[in-house]
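Input: a single structure, listed below in C-alpha cells.
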Amino acid sequence: MDREAAVAIAAEHGGDELARRIDFIYELDRLKTVLRQSMLIDDSRQENSAEHSWHLAMAALTLAPLAAEPIDVEHAVKILLVHDIVEIDAGDAFIYDEAKRAEAEAAEQAAADRIFGMLPEPEATEFRALWDEYEEQSTPEGRFAYSCDRLQPLLLNVAIDGGSWRRHGVSASRVKQVNGKIEIGLPSVWPAAEAMIDRAVEEGKLEP
C-alpha cells in the first residue's frame, strides 16, 4: 500500500475531511528530509527541519518563564511547530545568506498557500495564521518564538566549536547582528548568548 491508497481508504471510510487530514499528516513527513546547516551537538550529521521544530517547541516550554512579555505558551509552541513546514517546498535558506533568504520569500509564501491549503477549515486558516504570526513577529508569542528560533542554532554552533559559522566563514559581528533579535523575546538570555559568541572568538573558533 502507498500513500495514495491509504488516503483513498481514509476517504472511503471517513469521508473527504478525514482523507485531507491524513494526506496532510503524510505531507509533514517530508519535513524530516529537509536538512539544515546546523549539526547535531555530537557533530555526526546535519539536523533536519522536523527535529529542529521539535527542539524549538521544547525550548519554548523550557524558556517560557524568561519571556519578555506575558505569553500563551501553548500558542507559542503551535507557532514553532508550524513555522518551518513551508521548507517542504522551499527548502531551508541559510539565515546568513541574505540573497538566498530574499529569494526564498516568494517560494515560502507559495508553499504556505499549498501546504496549509491541503487542510479543511478551520485548520487551514489557523495554521496559515500561525505561520504569518511568526513571519511578522506581530504578537508577544510571535516575537518569543522568533527569539527561540535564533537561540537554538546558536547553542548548537557554540557547542561544536563554531559549526556552520566556521564552515561558511561567518564572522562574530555577523552572528551578533543576526541573532541580536534574541533580545526582543528573551532579553535576559541574550547577554549569555553574546558571551558565548565572545568566548568562541577568544578560543579562535570564530573570526571577529
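Residues are referred to by chain and number: the chain letter is A, B, ... according to the order shown in the C-alpha cells, the number counts from 1 in that chain, and ligands are numbered separately from 1 in the order shown.
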Item to check | Which of segment 32-203 of chain A DSSP labels alpha helix (DSSP H), written as number ranges by chain | outcome: A: 49-63, 73-82, 87-90, 98-116, 123-136, 140-159, 163-167, 172-179, 182-185, 190-202
Sorted per-residue table, segment 58-114 of chain A near segment 180-193 of chain A, closest atoms and distance, 8 Å, only C-alpha atoms, as JSON lines:
{"residue": "A:Leu66", "atom": "CA", "partner": "A:Leu186", "partner_atom": "CA", "distance": 6.2}
{"residue": "A:Ala67", "atom": "CA", "partner": "A:Leu186", "partner_atom": "CA", "distance": 5.2}
{"residue": "A:Ala68", "atom": "CA", "partner": "A:Gly185", "partner_atom": "CA", "distance": 5.1}
{"residue": "A:Glu69", "atom": "CA", "partner": "A:Gly185", "partner_atom": "CA", "distance": 7.4}
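Taking atom CA of Gln37 of chain A and atom CA of Ser171 of chain A as endpoints, the distance between them is 15.8 Å.
Between atom CA of Val7 of chain A and atom CA of Asp23 of chain A the separation is 6.1 Å.
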Checklist entry - Near segment 128-140 of chain A, counting only C-alpha atoms, which residues have an atom at most 12 Å away, once you skip same-chain residues fewer than 4 positions from it, shown as a PyMOL selection string? => result chain A and resi 64+67-87+105+108-124+144-149+181+184-186
Store the residues of this selection in a file with C-alpha atoms, as an mmCIF file, in the first residue's frame.
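So result08.cif came out as:
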data_model
loop_
_atom_site.group_PDB
_atom_site.id
_atom_site.type_symbol
_atom_site.label_atom_id
_atom_site.label_comp_id
_atom_site.auth_asym_id
_atom_site.auth_seq_id
_atom_site.Cartn_x
_atom_site.Cartn_y
_atom_site.Cartn_z
ATOM 1 C CA ALA A 64 8.744 30.499 28.730
ATOM 2 C CA ALA A 67 9.874 35.644 28.007
ATOM 3 C CA ALA A 68 9.999 39.420 27.677
ATOM 4 C CA GLU A 69 6.204 39.680 27.746
ATOM 5 C CA PRO A 70 3.418 37.543 29.178
ATOM 6 C CA ILE A 71 2.757 34.796 26.629
ATOM 7 C CA ASP A 72 0.400 31.929 25.963
ATOM 8 C CA VAL A 73 2.982 29.134 25.915
ATOM 9 C CA GLU A 74 0.745 26.669 24.098
ATOM 10 C CA HIS A 75 0.202 29.234 21.351
ATOM 11 C CA ALA A 76 3.947 29.858 21.050
ATOM 12 C CA VAL A 77 4.563 26.103 20.745
ATOM 13 C CA LYS A 78 1.980 25.899 17.966
ATOM 14 C CA ILE A 79 3.772 28.692 16.108
ATOM 15 C CA LEU A 80 7.089 26.870 16.367
ATOM 16 C CA LEU A 81 5.657 23.542 15.226
ATOM 17 C CA VAL A 82 4.177 25.230 12.152
ATOM 18 C CA HIS A 83 6.825 27.832 11.256
ATOM 19 C CA ASP A 84 9.142 25.665 9.128
ATOM 20 C CA ILE A 85 6.558 23.477 7.369
ATOM 21 C CA VAL A 86 6.977 25.614 4.232
ATOM 22 C CA GLU A 87 10.508 24.212 3.911
ATOM 23 C CA GLU A 105 10.378 34.570 0.457
ATOM 24 C CA GLU A 108 7.750 30.178 1.135
ATOM 25 C CA GLN A 109 4.560 32.159 0.531
ATOM 26 C CA ALA A 110 3.585 29.762 -2.266
ATOM 27 C CA ALA A 111 4.437 26.804 -0.051
ATOM 28 C CA ALA A 112 2.250 28.174 2.736
ATOM 29 C CA ASP A 113 -0.649 28.535 0.297
ATOM 30 C CA ARG A 114 -0.259 24.989 -0.989
ATOM 31 C CA ILE A 115 0.549 23.040 2.152
ATOM 32 C CA PHE A 116 -1.837 24.685 4.608
ATOM 33 C CA GLY A 117 -4.450 24.677 1.853
ATOM 34 C CA MET A 118 -4.387 20.876 1.956
ATOM 35 C CA LEU A 119 -6.303 21.019 5.240
ATOM 36 C CA PRO A 120 -10.031 21.578 5.689
ATOM 37 C CA GLU A 121 -11.273 24.538 7.671
ATOM 38 C CA PRO A 122 -10.783 25.795 10.291
ATOM 39 C CA GLU A 123 -7.259 24.352 10.487
ATOM 40 C CA ALA A 124 -6.223 25.619 7.044
ATOM 41 C CA PHE A 144 9.181 34.899 21.642
ATOM 42 C CA ALA A 145 9.038 32.124 19.027
ATOM 43 C CA TYR A 146 11.414 34.030 16.753
ATOM 44 C CA SER A 147 13.868 34.523 19.617
ATOM 45 C CA CYS A 148 13.795 30.807 20.413
ATOM 46 C CA ASP A 149 14.441 30.088 16.731
ATOM 47 C CA LYS A 181 16.837 39.590 17.969
ATOM 48 C CA ILE A 184 13.455 41.026 21.750
ATOM 49 C CA GLY A 185 11.721 37.941 23.110
ATOM 50 C CA LEU A 186 14.328 36.728 25.616
#
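Of the listed residues A:Ser44, A:Thr62, A:Asn157, A:Ser53, the one whose atoms come nearest to Val170 of chain A is A:Asn157, with distances taken using only C-alpha atoms.
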Checklist entry - Which parts of segment 17-98 of chain A does DSSP call strand (DSSP E) when run on the backbone here, written out as a PyMOL selection string? => result chain A and resi 35-39+46-48
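All residues of protein, DNA or RNA that reach within 9 Å of Gly162 of chain A, judged by only C-alpha atoms and not counting those fewer than 5 positions away in the chain, are Leu154, Leu156, Asn157, Arg167, Ile197, Ala200, Lys205 and Leu206 of chain A.
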Selection export as a PDB file, in the first residue's frame, atoms kept: C-alpha atoms:
ATOM      1  CA  LEU A 154      23.385  29.445  18.144  1.00  0.00           C
ATOM      2  CA  LEU A 156      24.308  24.108  18.572  1.00  0.00           C
ATOM      3  CA  ASN A 157      27.080  26.091  16.877  1.00  0.00           C
ATOM      4  CA  ARG A 167      32.154  26.236   7.545  1.00  0.00           C
ATOM      5  CA  ILE A 197      29.928  34.189  20.923  1.00  0.00           C
ATOM      6  CA  ALA A 200      34.201  31.413  20.680  1.00  0.00           C
ATOM      7  CA  LYS A 205      36.724  29.210  16.887  1.00  0.00           C
ATOM      8  CA  LEU A 206      35.137  32.238  15.264  1.00  0.00           C
TER       9      LEU A 206
END
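Atom pair atom CA of His52 of chain A / atom CA of Glu207 of chain A has a distance of 26.0 Å (rounded to one decimal).
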Checklist entry - Residues at most 6 Å from segment 28-31 of chain A, counting only C-alpha atoms, excluding those fewer than 6 positions away in the same chain, as a list in words? => result Ser49, Ala50 and Ile88 of chain A
Tell me which protein, DNA and RNA residues are within 8 Å of His55 of chain A, counting only C-alpha atoms, leaving out same-chain ones fewer than 4 positions away, and put them as a PDB file with N, CA and C atoms, in the first residue's frame.
ATOM      1  N   GLU A  51      13.246  17.782  13.209  1.00  0.00           N
ATOM      2  CA  GLU A  51      13.929  17.730  14.508  1.00  0.00           C
ATOM      3  C   GLU A  51      14.066  19.136  15.091  1.00  0.00           C
ATOM      4  N   ALA A  59      12.202  23.977  23.617  1.00  0.00           N
ATOM      5  CA  ALA A  59      12.895  25.181  24.085  1.00  0.00           C
ATOM      6  C   ALA A  59      11.885  26.209  24.577  1.00  0.00           C
ATOM      7  N   GLN A 152      18.357  28.562  19.347  1.00  0.00           N
ATOM      8  CA  GLN A 152      18.654  27.127  19.235  1.00  0.00           C
ATOM      9  C   GLN A 152      19.848  26.833  18.325  1.00  0.00           C
TER      10      GLN A 152
END
